[in-house]
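Pasting model08.cif here (mmCIF, C-alpha atoms and all ligand atoms):
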```cif
data_data
#
loop_
_atom_site.label_atom_id
_atom_site.label_comp_id
_atom_site.auth_asym_id
_atom_site.auth_seq_id
_atom_site.Cartn_x
_atom_site.Cartn_y
_atom_site.Cartn_z
CA MET A 1 -19.17 25.02 24.14
CA SER A 2 -20.53 23.03 21.20
CA ARG A 3 -18.10 22.02 18.48
CA LYS A 4 -18.51 23.54 15.03
CA ARG A 5 -20.28 21.04 12.74
CA LEU A 6 -17.91 20.78 9.81
CA SER A 7 -19.05 20.18 6.26
CA VAL A 8 -17.37 17.12 4.83
CA VAL A 9 -17.37 15.65 1.33
CA VAL A 10 -16.49 12.00 0.87
CA THR A 11 -15.44 11.29 -2.71
CA ARG A 12 -16.98 7.80 -2.98
CA ARG A 13 -19.00 5.26 -1.01
CA LEU A 14 -17.52 3.97 2.27
CA PRO A 15 -18.74 1.04 4.40
CA ALA A 16 -22.29 1.73 5.64
CA ALA A 17 -21.30 1.79 9.31
CA VAL A 18 -18.70 4.50 8.58
CA GLU A 19 -21.09 6.61 6.51
CA HIS A 20 -23.73 6.32 9.24
CA ARG A 21 -21.40 7.48 12.03
CA MET A 22 -19.99 10.29 9.87
CA ALA A 23 -23.51 11.58 9.26
CA GLU A 24 -24.03 11.76 13.05
CA LEU A 25 -20.85 13.77 13.54
CA PHE A 26 -20.59 16.05 10.53
CA ASP A 27 -22.60 17.68 7.74
CA VAL A 28 -21.47 14.99 5.39
CA THR A 29 -22.09 14.50 1.69
CA VAL A 30 -21.05 11.12 0.38
CA ARG A 31 -20.86 10.96 -3.38
CA ASP A 32 -23.37 8.34 -4.41
CA SER A 33 -21.04 6.35 -6.61
CA ASP A 34 -18.37 3.74 -6.26
CA ALA A 35 -16.31 5.24 -9.09
CA PRO A 36 -13.62 7.85 -8.45
CA MET A 37 -14.48 11.52 -8.96
CA SER A 38 -13.48 13.23 -12.19
CA ARG A 39 -10.99 16.09 -11.85
CA ASP A 40 -13.74 18.67 -12.34
CA GLU A 41 -15.96 17.03 -9.71
CA LEU A 42 -13.04 16.98 -7.30
CA ILE A 43 -12.31 20.68 -7.81
CA ALA A 44 -16.00 21.54 -7.46
CA ALA A 45 -16.22 19.51 -4.23
CA MET A 46 -13.20 21.33 -2.81
CA GLN A 47 -14.77 24.77 -3.35
CA GLU A 48 -17.46 24.65 -0.68
CA VAL A 49 -16.39 22.37 2.16
CA ASP A 50 -14.28 22.34 5.33
CA VAL A 51 -12.95 18.82 4.89
CA LEU A 52 -12.45 16.49 1.94
CA VAL A 53 -12.21 12.72 2.46
CA PRO A 54 -10.55 11.22 -0.63
CA THR A 55 -9.27 7.73 -1.38
CA VAL A 56 -6.26 6.46 -3.28
CA ASN A 57 -8.16 6.91 -6.56
CA ASP A 58 -8.39 10.70 -6.28
CA ARG A 59 -5.38 12.54 -7.71
CA LEU A 60 -4.87 15.69 -5.67
CA ASP A 61 -2.08 17.58 -7.38
CA ALA A 62 -0.83 21.16 -7.04
CA ALA A 63 -3.25 22.52 -9.68
CA VAL A 64 -6.22 21.02 -7.82
CA PHE A 65 -5.11 22.51 -4.49
CA GLU A 66 -4.68 25.95 -6.08
CA GLN A 67 -8.38 25.88 -7.00
CA ALA A 68 -9.58 24.80 -3.54
CA GLY A 69 -12.01 27.07 -1.70
CA GLU A 70 -10.98 29.21 1.28
CA ARG A 71 -12.87 26.98 3.74
CA LEU A 72 -11.01 23.79 2.95
CA LYS A 73 -8.49 23.24 5.73
CA LEU A 74 -8.20 19.43 5.95
CA VAL A 75 -7.87 16.56 3.49
CA ALA A 76 -8.50 13.48 5.65
CA ASN A 77 -7.39 10.62 3.42
CA TYR A 78 -9.16 7.26 3.79
CA GLY A 79 -5.98 5.15 3.51
CA ALA A 80 -2.35 4.99 4.63
CA GLY A 81 -0.53 5.77 1.37
CA THR A 82 -0.61 9.44 0.34
CA ASP A 83 1.34 9.36 -2.93
CA HIS A 84 -1.82 10.51 -4.77
CA ILE A 85 -1.77 13.75 -2.76
CA ASP A 86 0.74 16.57 -3.25
CA VAL A 87 1.16 17.17 0.48
CA ASN A 88 3.59 20.08 -0.09
CA ALA A 89 1.09 21.83 -2.38
CA ALA A 90 -1.68 21.27 0.17
CA HIS A 91 0.49 22.85 2.85
CA ALA A 92 1.39 25.80 0.58
CA ASN A 93 -2.36 26.43 0.24
CA GLY A 94 -2.98 26.25 4.00
CA ILE A 95 -4.49 22.76 3.91
CA MET A 96 -3.46 19.91 6.23
CA VAL A 97 -3.42 16.28 5.11
CA SER A 98 -4.05 13.30 7.40
CA ASN A 99 -4.07 9.56 6.69
CA THR A 100 -4.81 6.26 8.45
CA PRO A 101 -1.38 4.80 9.24
CA GLY A 102 -1.03 1.36 10.78
CA VAL A 103 -4.73 0.49 10.59
CA GLY A 104 -4.31 -1.93 7.69
CA ALA A 105 -0.81 -3.10 8.61
CA GLU A 106 -1.69 -6.56 9.95
CA ASP A 107 -4.19 -7.24 7.14
CA THR A 108 -1.70 -6.10 4.50
CA ALA A 109 0.99 -8.29 6.07
CA ASP A 110 -1.40 -11.28 6.01
CA MET A 111 -2.02 -10.73 2.31
CA THR A 112 1.69 -10.34 1.65
CA LEU A 113 2.26 -13.83 3.09
CA ALA A 114 -0.72 -15.09 1.09
CA LEU A 115 0.90 -13.75 -2.11
CA MET A 116 4.24 -15.30 -1.17
CA LEU A 117 2.62 -18.69 -0.64
CA SER A 118 0.43 -18.36 -3.73
CA VAL A 119 3.46 -17.85 -5.96
CA THR A 120 5.85 -20.33 -4.34
CA ARG A 121 3.21 -23.06 -3.77
CA ARG A 122 1.36 -22.50 -7.07
CA ILE A 123 -2.05 -22.06 -5.45
CA PRO A 124 -3.74 -20.43 -8.50
CA GLU A 125 -2.69 -23.37 -10.70
CA GLY A 126 -4.20 -25.76 -8.14
CA LEU A 127 -7.43 -23.73 -8.06
CA SER A 128 -7.58 -23.72 -11.82
CA VAL A 129 -7.23 -27.52 -12.06
CA MET A 130 -10.10 -27.92 -9.60
CA GLN A 131 -12.28 -25.40 -11.44
CA THR A 132 -11.73 -26.99 -14.86
CA GLY A 133 -12.16 -30.53 -13.55
CA ASP A 134 -8.69 -31.50 -14.80
CA TRP A 135 -7.51 -33.01 -11.51
CA ASP A 136 -6.39 -36.62 -11.95
CA GLY A 137 -5.88 -37.28 -8.24
CA TRP A 138 -2.84 -37.00 -6.00
CA SER A 139 0.49 -37.31 -7.76
CA PRO A 140 4.05 -37.38 -6.42
CA THR A 141 5.16 -35.03 -9.19
CA ALA A 142 2.24 -32.67 -9.84
CA LEU A 143 2.23 -28.97 -8.98
CA LEU A 144 5.42 -29.04 -6.96
CA GLY A 145 6.30 -25.72 -5.47
CA GLY A 146 9.18 -24.46 -3.35
CA LYS A 147 9.39 -24.30 0.44
CA ILE A 148 9.36 -20.93 2.11
CA GLY A 149 10.66 -22.29 5.45
CA GLY A 150 14.43 -21.85 5.54
CA ARG A 151 14.37 -19.31 2.67
CA SER A 152 15.71 -15.81 3.09
CA LEU A 153 13.25 -12.95 2.89
CA GLY A 154 14.36 -9.40 2.06
CA ILE A 155 12.07 -6.63 3.30
CA LEU A 156 12.46 -3.28 1.57
CA GLY A 157 10.85 -0.71 3.91
CA MET A 158 10.73 -1.90 7.51
CA GLY A 159 7.92 0.29 8.87
CA ARG A 160 4.58 -0.86 10.23
CA ILE A 161 3.78 -3.34 7.45
CA GLY A 162 7.38 -4.47 6.95
CA GLN A 163 7.64 -5.35 10.64
CA ALA A 164 4.27 -7.14 10.63
CA VAL A 165 5.55 -9.20 7.67
CA ALA A 166 8.82 -9.93 9.50
CA ARG A 167 6.93 -11.36 12.50
CA ARG A 168 4.92 -13.65 10.25
CA ALA A 169 7.95 -14.69 8.19
CA ARG A 170 9.79 -15.77 11.33
CA ALA A 171 6.83 -17.95 12.30
CA PHE A 172 7.17 -19.61 8.87
CA GLY A 173 10.86 -20.31 9.58
CA MET A 174 12.26 -17.74 7.16
CA GLN A 175 15.47 -15.79 7.68
CA VAL A 176 14.58 -12.12 7.71
CA HIS A 177 16.77 -9.44 6.11
CA TYR A 178 15.81 -5.81 5.68
CA HIS A 179 16.82 -2.53 4.14
CA ASN A 180 15.23 0.65 5.44
CA ARG A 181 15.92 4.36 5.28
CA ASN A 182 16.79 4.20 8.99
CA ARG A 183 18.10 1.23 10.91
CA LEU A 184 15.73 -0.09 13.62
CA ARG A 185 16.65 0.08 17.30
CA PRO A 186 18.80 -2.92 18.30
CA GLU A 187 16.07 -4.33 20.58
CA THR A 188 13.47 -4.17 17.79
CA GLU A 189 15.92 -5.79 15.37
CA ALA A 190 16.57 -8.54 17.94
CA ASP A 191 12.83 -9.06 18.57
CA LEU A 192 12.22 -9.46 14.85
CA GLY A 193 15.38 -11.53 14.34
CA ALA A 194 16.10 -9.32 11.34
CA LYS A 195 19.47 -8.62 9.72
CA TYR A 196 19.98 -5.04 8.54
CA TRP A 197 21.61 -4.23 5.19
CA SER A 198 22.68 -0.63 4.67
CA SER A 199 23.15 -1.50 0.99
CA LEU A 200 19.92 -2.46 -0.79
CA ASN A 201 21.95 -3.77 -3.73
CA GLN A 202 23.88 -6.18 -1.54
CA MET A 203 20.72 -7.43 0.15
CA LEU A 204 19.03 -8.06 -3.21
CA ALA A 205 21.77 -10.45 -4.28
CA GLN A 206 21.25 -12.57 -1.13
CA VAL A 207 17.51 -13.05 -0.80
CA ASP A 208 15.14 -15.70 -2.16
CA ILE A 209 12.03 -13.55 -1.81
CA LEU A 210 11.84 -9.75 -1.83
CA THR A 211 8.81 -7.99 -0.39
CA ILE A 212 8.36 -4.23 -0.77
CA HIS A 213 6.85 -2.04 1.95
CA CYS A 214 8.32 1.43 1.46
CA PRO A 215 5.94 4.22 0.42
CA HIS A 216 5.97 5.59 -3.11
CA THR A 217 7.85 8.91 -2.97
CA PRO A 218 10.18 10.70 -5.42
CA SER A 219 13.07 8.74 -3.87
CA THR A 220 11.40 5.32 -4.18
CA TYR A 221 9.92 5.74 -7.69
CA HIS A 222 11.27 2.70 -9.62
CA ILE A 223 13.55 1.87 -6.69
CA MET A 224 13.37 -1.65 -8.17
CA ASN A 225 14.57 -0.71 -11.65
CA ALA A 226 16.03 -3.07 -14.27
CA ARG A 227 19.53 -2.72 -12.84
CA ARG A 228 18.43 -3.71 -9.33
CA LEU A 229 16.14 -6.49 -10.56
CA ALA A 230 19.16 -7.93 -12.37
CA LEU A 231 21.03 -8.19 -9.06
CA MET A 232 18.52 -10.73 -7.77
CA LYS A 233 18.88 -14.50 -8.06
CA PRO A 234 17.06 -15.92 -11.12
CA SER A 235 15.20 -18.17 -8.65
CA ALA A 236 13.95 -15.14 -6.67
CA VAL A 237 10.33 -14.10 -6.20
CA ILE A 238 9.14 -10.49 -5.75
CA VAL A 239 6.07 -9.51 -3.78
CA ASN A 240 4.68 -5.98 -3.80
CA THR A 241 1.77 -4.73 -1.70
CA SER A 242 3.03 -1.12 -1.36
CA ARG A 243 2.54 0.90 -4.54
CA GLY A 244 3.09 -0.15 -8.16
CA ASP A 245 5.37 2.77 -8.98
CA VAL A 246 8.18 1.44 -6.79
CA ILE A 247 8.88 -1.21 -9.47
CA ASP A 248 9.69 -0.65 -13.14
CA GLU A 249 6.79 -2.85 -14.26
CA ASN A 250 7.99 -3.15 -17.87
CA ALA A 251 11.42 -4.32 -16.74
CA LEU A 252 9.87 -6.77 -14.28
CA THR A 253 7.54 -8.17 -16.94
CA ARG A 254 10.45 -8.63 -19.35
CA MET A 255 12.53 -10.42 -16.73
CA LEU A 256 9.67 -12.65 -15.59
CA ARG A 257 9.21 -13.68 -19.25
CA SER A 258 12.89 -14.37 -19.77
CA GLY A 259 13.28 -16.29 -16.49
CA GLU A 260 15.68 -13.77 -14.97
CA ILE A 261 13.18 -13.47 -12.08
CA ALA A 262 11.26 -16.63 -11.12
CA GLY A 263 7.94 -15.19 -10.00
CA ALA A 264 5.97 -12.27 -8.66
CA GLY A 265 2.98 -11.65 -6.43
CA LEU A 266 1.53 -8.18 -6.94
CA ASP A 267 -1.37 -6.28 -5.41
CA VAL A 268 -0.53 -2.88 -6.93
CA TYR A 269 0.48 -1.59 -10.37
CA GLU A 270 2.23 1.40 -11.89
CA GLY A 271 0.16 4.58 -11.81
CA GLY A 272 -2.38 2.76 -9.62
CA ALA A 273 -3.85 1.48 -12.87
CA GLU A 274 -4.46 -1.91 -14.46
CA PRO A 275 -1.42 -4.19 -14.73
CA ASN A 276 0.67 -4.33 -17.87
CA PRO A 277 -1.35 -6.74 -20.15
CA ARG A 278 1.79 -8.85 -20.72
CA LEU A 279 1.96 -9.46 -16.95
CA ARG A 280 -1.54 -10.96 -16.96
CA ALA A 281 -0.48 -13.54 -19.52
CA LEU A 282 2.33 -14.96 -17.35
CA LYS A 283 1.98 -18.18 -15.37
CA ASN A 284 4.60 -17.29 -12.78
CA VAL A 285 2.70 -14.30 -11.42
CA VAL A 286 -0.22 -13.90 -9.04
CA LEU A 287 -2.07 -10.62 -9.48
CA LEU A 288 -4.56 -9.18 -7.00
CA PRO A 289 -6.75 -6.07 -7.42
CA HIS A 290 -5.29 -3.80 -4.69
CA MET A 291 -7.05 -5.72 -1.93
CA ALA A 292 -4.26 -6.29 0.61
CA SER A 293 -6.00 -4.29 3.35
CA ALA A 294 -9.55 -5.21 2.32
CA THR A 295 -11.20 -6.57 5.47
CA VAL A 296 -14.53 -5.45 6.90
CA GLU A 297 -12.93 -4.70 10.26
CA GLY A 298 -10.01 -2.85 8.71
CA ARG A 299 -12.19 -0.65 6.50
CA GLU A 300 -14.38 0.29 9.49
CA GLU A 301 -11.27 1.08 11.54
CA MET A 302 -9.95 3.24 8.69
CA GLY A 303 -13.23 5.16 8.86
CA ALA A 304 -12.89 5.56 12.63
CA ARG A 305 -9.40 7.03 12.15
CA VAL A 306 -10.64 9.44 9.49
CA MET A 307 -13.36 10.60 11.90
CA LEU A 308 -10.86 10.98 14.75
CA ASN A 309 -8.66 13.13 12.52
CA ILE A 310 -11.61 15.32 11.49
CA SER A 311 -12.99 15.62 15.05
CA THR A 312 -9.60 16.58 16.47
CA HIS A 313 -9.29 19.21 13.74
CA ALA A 314 -12.81 20.45 14.56
CA ASP A 315 -11.69 20.87 18.18
CA GLY A 316 -8.92 23.16 17.01
CA PHE A 317 -5.99 20.75 17.23
CA ARG A 318 -3.75 19.12 14.67
CA PRO A 319 -5.15 15.78 13.50
CA PRO A 320 -3.21 12.94 15.17
CA ASP A 321 -2.30 11.42 11.81
CA MET A 322 -1.21 14.65 10.13
CA VAL A 323 1.18 13.93 7.24
CA ILE A 324 4.21 16.20 7.57
CA PRO A 325 5.09 17.91 4.25
CA SER A 326 8.61 17.04 3.08
CA SER A 327 9.07 20.76 2.36
CA LEU A 328 9.06 21.53 6.11
N1 LIG B 1 -1.90 -2.71 -0.79
C1 LIG B 1 -2.58 -2.10 0.16
O1 LIG B 1 -3.79 -2.25 0.29
C2 LIG B 1 -1.86 -1.21 1.14
C3 LIG B 1 -2.38 -1.04 2.42
C4 LIG B 1 -1.71 -0.20 3.31
C5 LIG B 1 -0.55 0.45 2.90
N2 LIG B 1 -0.07 0.26 1.64
C6 LIG B 1 1.17 0.91 1.20
O2 LIG B 1 2.22 0.45 2.04
C7 LIG B 1 3.08 1.53 2.29
C8 LIG B 1 3.84 1.28 3.59
O3 LIG B 1 2.96 1.33 4.68
P1 LIG B 1 3.48 1.35 6.19
O4 LIG B 1 2.28 1.55 7.04
O5 LIG B 1 4.36 0.18 6.46
O6 LIG B 1 4.36 2.69 6.17
P2 LIG B 1 5.46 3.12 7.21
O7 LIG B 1 5.63 4.58 7.03
O8 LIG B 1 5.15 2.60 8.57
O9 LIG B 1 6.77 2.36 6.70
C9 LIG B 1 7.44 2.68 5.52
C10 LIG B 1 8.93 2.42 5.73
O10 LIG B 1 9.61 2.65 4.50
C11 LIG B 1 10.84 3.30 4.80
N3 LIG B 1 11.33 4.04 3.64
C12 LIG B 1 10.87 5.19 3.11
N4 LIG B 1 11.62 5.56 2.05
C13 LIG B 1 12.59 4.62 1.92
C14 LIG B 1 13.67 4.43 1.02
N5 LIG B 1 13.91 5.33 0.05
N6 LIG B 1 14.45 3.35 1.18
C15 LIG B 1 14.23 2.48 2.18
N7 LIG B 1 13.21 2.60 3.07
C16 LIG B 1 12.40 3.64 2.93
C17 LIG B 1 10.51 4.23 5.97
O11 LIG B 1 11.68 4.57 6.69
C18 LIG B 1 9.56 3.35 6.79
O12 LIG B 1 10.24 2.57 7.74
C19 LIG B 1 2.14 2.75 2.33
O13 LIG B 1 2.85 3.93 2.03
C20 LIG B 1 1.12 2.42 1.29
O14 LIG B 1 1.49 2.98 0.05
C21 LIG B 1 -0.70 -0.55 0.76
O1 LIG B 2 -2.66 2.85 1.47
C1 LIG B 2 -3.66 2.21 1.82
O2 LIG B 2 -4.17 2.25 2.96
C2 LIG B 2 -4.35 1.34 0.78
O3 LIG B 2 -3.48 1.07 -0.28
C3 LIG B 2 -5.58 2.02 0.26
O4 LIG B 2 -5.28 3.33 -0.08
#
```
Go ahead and render the structure in this file as structure tokens.
Ligand SMILES: NC(=O)c1ccc[n+]([C@@H]2O[C@H](COP(=O)([O-])OP(=O)(O)OC[C@H]3O[C@@H](n4cnc5c(N)ncnc54)[C@H](O)[C@@H]3O)[C@@H](O)[C@H]2O)c1
Ligand SMILES: O=C(O)[C@H](O)CO
Amino acid sequence: MSRKRLSVVVTRRLPAAVEHRMAELFDVTVRDSDAPMSRDELIAAMQEVDVLVPTVNDRLDAAVFEQAGERLKLVANYGAGTDHIDVNAAHANGIMVSNTPGVGAEDTADMTLALMLSVTRRIPEGLSVMQTGDWDGWSPTALLGGKIGGRSLGILGMGRIGQAVARRARAFGMQVHYHNRNRLRPETEADLGAKYWSSLNQMLAQVDILTIHCPHTPSTYHIMNARRLALMKPSAVIVNTSRGDVIDENALTRMLRSGEIAGAGLDVYEGGAEPNPRLRALKNVVLLPHMASATVEGREEMGARVMLNISTHADGFRPPDMVIPSSL
């Protein structure tokens, strides 16, 4: 029996290899733009199709789902994080949501270490000196950073990415601490050489570097608020490659300016938007444009997972990466 050919709308351009394969499998329309859809375009796209493939830039809230057409049964997100999608509202309207968990974990962990090293070893300042031609040759006192070997790393959110970061941190000789909603199995903890803290506040006071890998949910919104930031050592560095909303960005900016926090390496910003302009002006921060999982291989693999989720749905089964609504 031949499988029903589903109609699929992709909200913006994907890597060519992914678009090509999608066109072989589905009746696909890829919006011919690399800018996110407007709200009206999004609602219009959701009227006529079986499957929508959005990205982190598309805000799919309850009002949008209420206007979706009868045919729409799957939102197959191109990405791991789903905080831009009201999964409960999708479910209430009979629409499943899937994502691409784990695909970008190793790449995101690599970039997390890159941010850690960039801040502690002052790589952007070194780059800048070379670009401006201001280098006067090797000096015993120039551009001295801090070691990461021997330092303690706190991981907030010890899932796929947190664990990939822990493995790398151990190889760099760091002591790994973590706080997670659930404690890991003892054998996993032993493999990672990671010390569990049931109290996030207590862990924060101990660590030299904090890296955040929990998702953005109602319970993690501003989990690093001013009060928690103040528990950290003034010499501490914060790295965030999860979602910007887990940190109170204004409080962080203020404390980076006052020296209450020594430095930050950020890939993501509050509301998924541009960083606070005062953050850009600081020397002790390294800011990246949400590129922690941006590898050619990773993006193609994300596409393959999206297609697997859609194909499994087309065959009448639940997509393997279905996101379970918290309302269930
Ligand atoms: N910057 C990027 O390009 C990029 C790439 C991939 C993922 N991400 C982000 O990283 C996030 C994490 O990805 P992952 O694959 O590791 O997810 P995951 O689900 O494997 O791990 C998340 C962990 O956070 C824990 N957690 C949830 N709520 C918590 C809380 N309140 N307190 C403590 N721990 C809590 C969970 O128990 C889980 O262990 C994604 O949700 C996404 O937003 C960003
Ligand atoms: O969550 C992810 O996979 C990336 O941040 C892109 O959405």
Using all atoms listed in the file, which residues sit within 10 Å of Arg31 of chain A once same-chain residues fewer than 5 positions away are excluded, as JSON, numbers by chain?
{"A": [9, 10, 11, 12, 13, 14, 36, 37, 45]}
Kindly export the residues of the current selection with C-alpha atoms, as a compact mmCIF listing (two decimals), keeping the file's coordinate frame.
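So the final result, stored in again_24.txt, reads:
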```
# COMPACT_ATOMS: atom_id res chain seq x y z
CA VAL A 9 -17.37 15.65 1.33
CA VAL A 10 -16.49 12.00 0.87
CA THR A 11 -15.44 11.29 -2.71
CA ARG A 12 -16.98 7.80 -2.98
CA ARG A 13 -19.00 5.26 -1.01
CA LEU A 14 -17.52 3.97 2.27
CA PRO A 36 -13.62 7.85 -8.45
CA MET A 37 -14.48 11.52 -8.96
CA ALA A 45 -16.22 19.51 -4.23
```
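Pairwise distance (atom CA of Ala142 of chain A, atom CA of Ile123 of chain A) equals 12.3 Å.
As for atom CA of Gly298 of chain A and atom CA of Asp50 of chain A, they are spaced 25.8 Å apart.
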Counting all atoms listed in the file, which residues of segment 166-223 of chain A sit at most 12 Å from some atom of segment 265-280 of chain A, and what is each one's closest atom pair with its distance in Å to one decimal, listed by chain and rising residue number, as a Markdown table?
```
| residue | atom | partner | partner_atom | distance |
| --- | --- | --- | --- | --- |
| A:Ile209 | CA | A:Gly265 | CA | 10.3 |
| A:Leu210 | CA | A:Gly265 | CA | 10.2 |
| A:Thr211 | CA | A:Gly265 | CA | 9.2 |
| A:Ile212 | CA | A:Leu266 | CA | 10.0 |
| A:His213 | CA | A:Val268 | CA | 11.6 |
| A:His216 | CA | A:Glu270 | CA | 10.4 |
| A:Tyr221 | CA | A:Glu270 | CA | 9.8 |
| A:His222 | CA | A:Glu270 | CA | 9.4 |
```
Those selected residues, please, written with C-alpha atoms and delivered as a JSON list (two decimals), in the coordinates of the input.
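part_23.json, freshly written:
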```json
[["chain", "number", "residue", "atom", "x", "y", "z"],
["A", 209, "ILE", "CA", 12.03, -13.55, -1.81],
["A", 210, "LEU", "CA", 11.84, -9.75, -1.83],
["A", 211, "THR", "CA", 8.81, -7.99, -0.39],
["A", 212, "ILE", "CA", 8.36, -4.23, -0.77],
["A", 213, "HIS", "CA", 6.85, -2.04, 1.95],
["A", 216, "HIS", "CA", 5.97, 5.59, -3.11],
["A", 221, "TYR", "CA", 9.92, 5.74, -7.69],
["A", 222, "HIS", "CA", 11.27, 2.70, -9.62]]
```
Enumerate as a compact mmCIF listing (two decimals) with C-alpha atoms, keeping the file's coordinate frame the residues within 6 Å of ligand LIG 2 (chain B), counting only C-alpha atoms and all ligand atoms.
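Listing of part29.txt after writing:
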```txt
# COMPACT_ATOMS: atom_id res chain seq x y z
CA VAL A 56 -6.26 6.46 -3.28
CA GLY A 79 -5.98 5.15 3.51
CA ALA A 80 -2.35 4.99 4.63
CA GLY A 81 -0.53 5.77 1.37
```
List all protein, DNA and RNA residues that have an atom no more than 6 Å from any atom of ligand LIG 1 (chain B), counting all atoms listed in the file, and report them as a ChimeraX atom specification.
/A:80-81,101-102,104-105,108,157-162,179-182,213-215,219-220,241-243,267,290-293
With C-alpha atoms kept, could you save the residues just selected as a PDB file, in the coordinates of the input?
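Final file, again17.pdb:
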```pdb
ATOM      1  CA  ALA A  80      -2.350   4.990   4.630  1.00  0.00           C
ATOM      2  CA  GLY A  81      -0.530   5.770   1.370  1.00  0.00           C
ATOM      3  CA  PRO A 101      -1.380   4.800   9.240  1.00  0.00           C
ATOM      4  CA  GLY A 102      -1.030   1.360  10.780  1.00  0.00           C
ATOM      5  CA  GLY A 104      -4.310  -1.930   7.690  1.00  0.00           C
ATOM      6  CA  ALA A 105      -0.810  -3.100   8.610  1.00  0.00           C
ATOM      7  CA  THR A 108      -1.700  -6.100   4.500  1.00  0.00           C
ATOM      8  CA  GLY A 157      10.850  -0.710   3.910  1.00  0.00           C
ATOM      9  CA  MET A 158      10.730  -1.900   7.510  1.00  0.00           C
ATOM     10  CA  GLY A 159       7.920   0.290   8.870  1.00  0.00           C
ATOM     11  CA  ARG A 160       4.580  -0.860  10.230  1.00  0.00           C
ATOM     12  CA  ILE A 161       3.780  -3.340   7.450  1.00  0.00           C
ATOM     13  CA  GLY A 162       7.380  -4.470   6.950  1.00  0.00           C
ATOM     14  CA  HIS A 179      16.820  -2.530   4.140  1.00  0.00           C
ATOM     15  CA  ASN A 180      15.230   0.650   5.440  1.00  0.00           C
ATOM     16  CA  ARG A 181      15.920   4.360   5.280  1.00  0.00           C
ATOM     17  CA  ASN A 182      16.790   4.200   8.990  1.00  0.00           C
ATOM     18  CA  HIS A 213       6.850  -2.040   1.950  1.00  0.00           C
ATOM     19  CA  CYS A 214       8.320   1.430   1.460  1.00  0.00           C
ATOM     20  CA  PRO A 215       5.940   4.220   0.420  1.00  0.00           C
ATOM     21  CA  SER A 219      13.070   8.740  -3.870  1.00  0.00           C
ATOM     22  CA  THR A 220      11.400   5.320  -4.180  1.00  0.00           C
ATOM     23  CA  THR A 241       1.770  -4.730  -1.700  1.00  0.00           C
ATOM     24  CA  SER A 242       3.030  -1.120  -1.360  1.00  0.00           C
ATOM     25  CA  ARG A 243       2.540   0.900  -4.540  1.00  0.00           C
ATOM     26  CA  ASP A 267      -1.370  -6.280  -5.410  1.00  0.00           C
ATOM     27  CA  HIS A 290      -5.290  -3.800  -4.690  1.00  0.00           C
ATOM     28  CA  MET A 291      -7.050  -5.720  -1.930  1.00  0.00           C
ATOM     29  CA  ALA A 292      -4.260  -6.290   0.610  1.00  0.00           C
ATOM     30  CA  SER A 293      -6.000  -4.290   3.350  1.00  0.00           C
TER      31      SER A 293
END
```
Excluding Met96 of chain A and any residue of its chain fewer than 4 positions from it, enumerate the residues within 8 Å of it, using all atoms listed in the file, and give them as a list in words.
Lys73, Leu74, Val75, Val87, Ala90, His91, Met322 and Val323 of chain A
Using all atoms listed in the file, determine which residues lie at most 12 Å from Ala190 of chain A, disregarding the query and same-chain residues fewer than 3 positions distant; provide the list as a ChimeraX atom specification.
/A:163,166-167,170,176-177,184-187,193-196
Separation of atom CA of Arg318 of chain A and atom CA of Gly69 of chain A, in Å?
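Atom CA of Arg318 of chain A sits 20.0 Å away from atom CA of Gly69 of chain A.
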Once you count only C-alpha atoms, which residues end up no further than 12 Å from (-22.0, 8.4, 12.0) in the file's frame, shown as a compact mmCIF listing (two decimals) with C-alpha atoms, in the coordinates of the input?
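So the final result, stored in selection28.txt, reads:
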```txt
# COMPACT_ATOMS: atom_id res chain seq x y z
CA LEU A 14 -17.52 3.97 2.27
CA PRO A 15 -18.74 1.04 4.40
CA ALA A 16 -22.29 1.73 5.64
CA ALA A 17 -21.30 1.79 9.31
CA VAL A 18 -18.70 4.50 8.58
CA GLU A 19 -21.09 6.61 6.51
CA HIS A 20 -23.73 6.32 9.24
CA ARG A 21 -21.40 7.48 12.03
CA MET A 22 -19.99 10.29 9.87
CA ALA A 23 -23.51 11.58 9.26
CA GLU A 24 -24.03 11.76 13.05
CA LEU A 25 -20.85 13.77 13.54
CA PHE A 26 -20.59 16.05 10.53
CA ASP A 27 -22.60 17.68 7.74
CA VAL A 28 -21.47 14.99 5.39
CA THR A 29 -22.09 14.50 1.69
CA VAL A 30 -21.05 11.12 0.38
CA GLU A 300 -14.38 0.29 9.49
CA GLY A 303 -13.23 5.16 8.86
CA ALA A 304 -12.89 5.56 12.63
CA VAL A 306 -10.64 9.44 9.49
CA MET A 307 -13.36 10.60 11.90
CA LEU A 308 -10.86 10.98 14.75
CA SER A 311 -12.99 15.62 15.05
```
Hey, what's within 10 Å of Gly173 of chain A if we count all atoms listed in the file and toss same-chain stuff fewer than 5 positions away? As a VMD selection string, please?
chain A and resid 148 to 152 168
Please determine an axis-aligned box that encloses all atoms of segment 59-70 of chain A listed in the file, with 5 Å added on each side, and express its centre and edge lengths in Å to one decimal as lines of an AutoDock Vina configuration file.
```
center_x = -6.4
center_y = 20.9
center_z = -4.2
size_x = 21.2
size_y = 26.7
size_z = 21.0
```
Counting all atoms listed in the file, the residue of A:Arg227, A:Trp138, A:Ala109, A:Pro234 that sits nearest Val165 of chain A
A:Ala109
Given only C-alpha atoms as the counted atoms, nearest of A:Val286, A:Ile238, A:Met232, A:Ile247 to Ile155 of chain A
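Of all the options, A:Ile238 lies closest to Ile155 of chain A.
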Here is a test: counting all atoms listed in the file, which residue of A:Val296, A:Val51, A:Val285, A:Leu60 is nearest to Ile85 of chain A?
A:Leu60
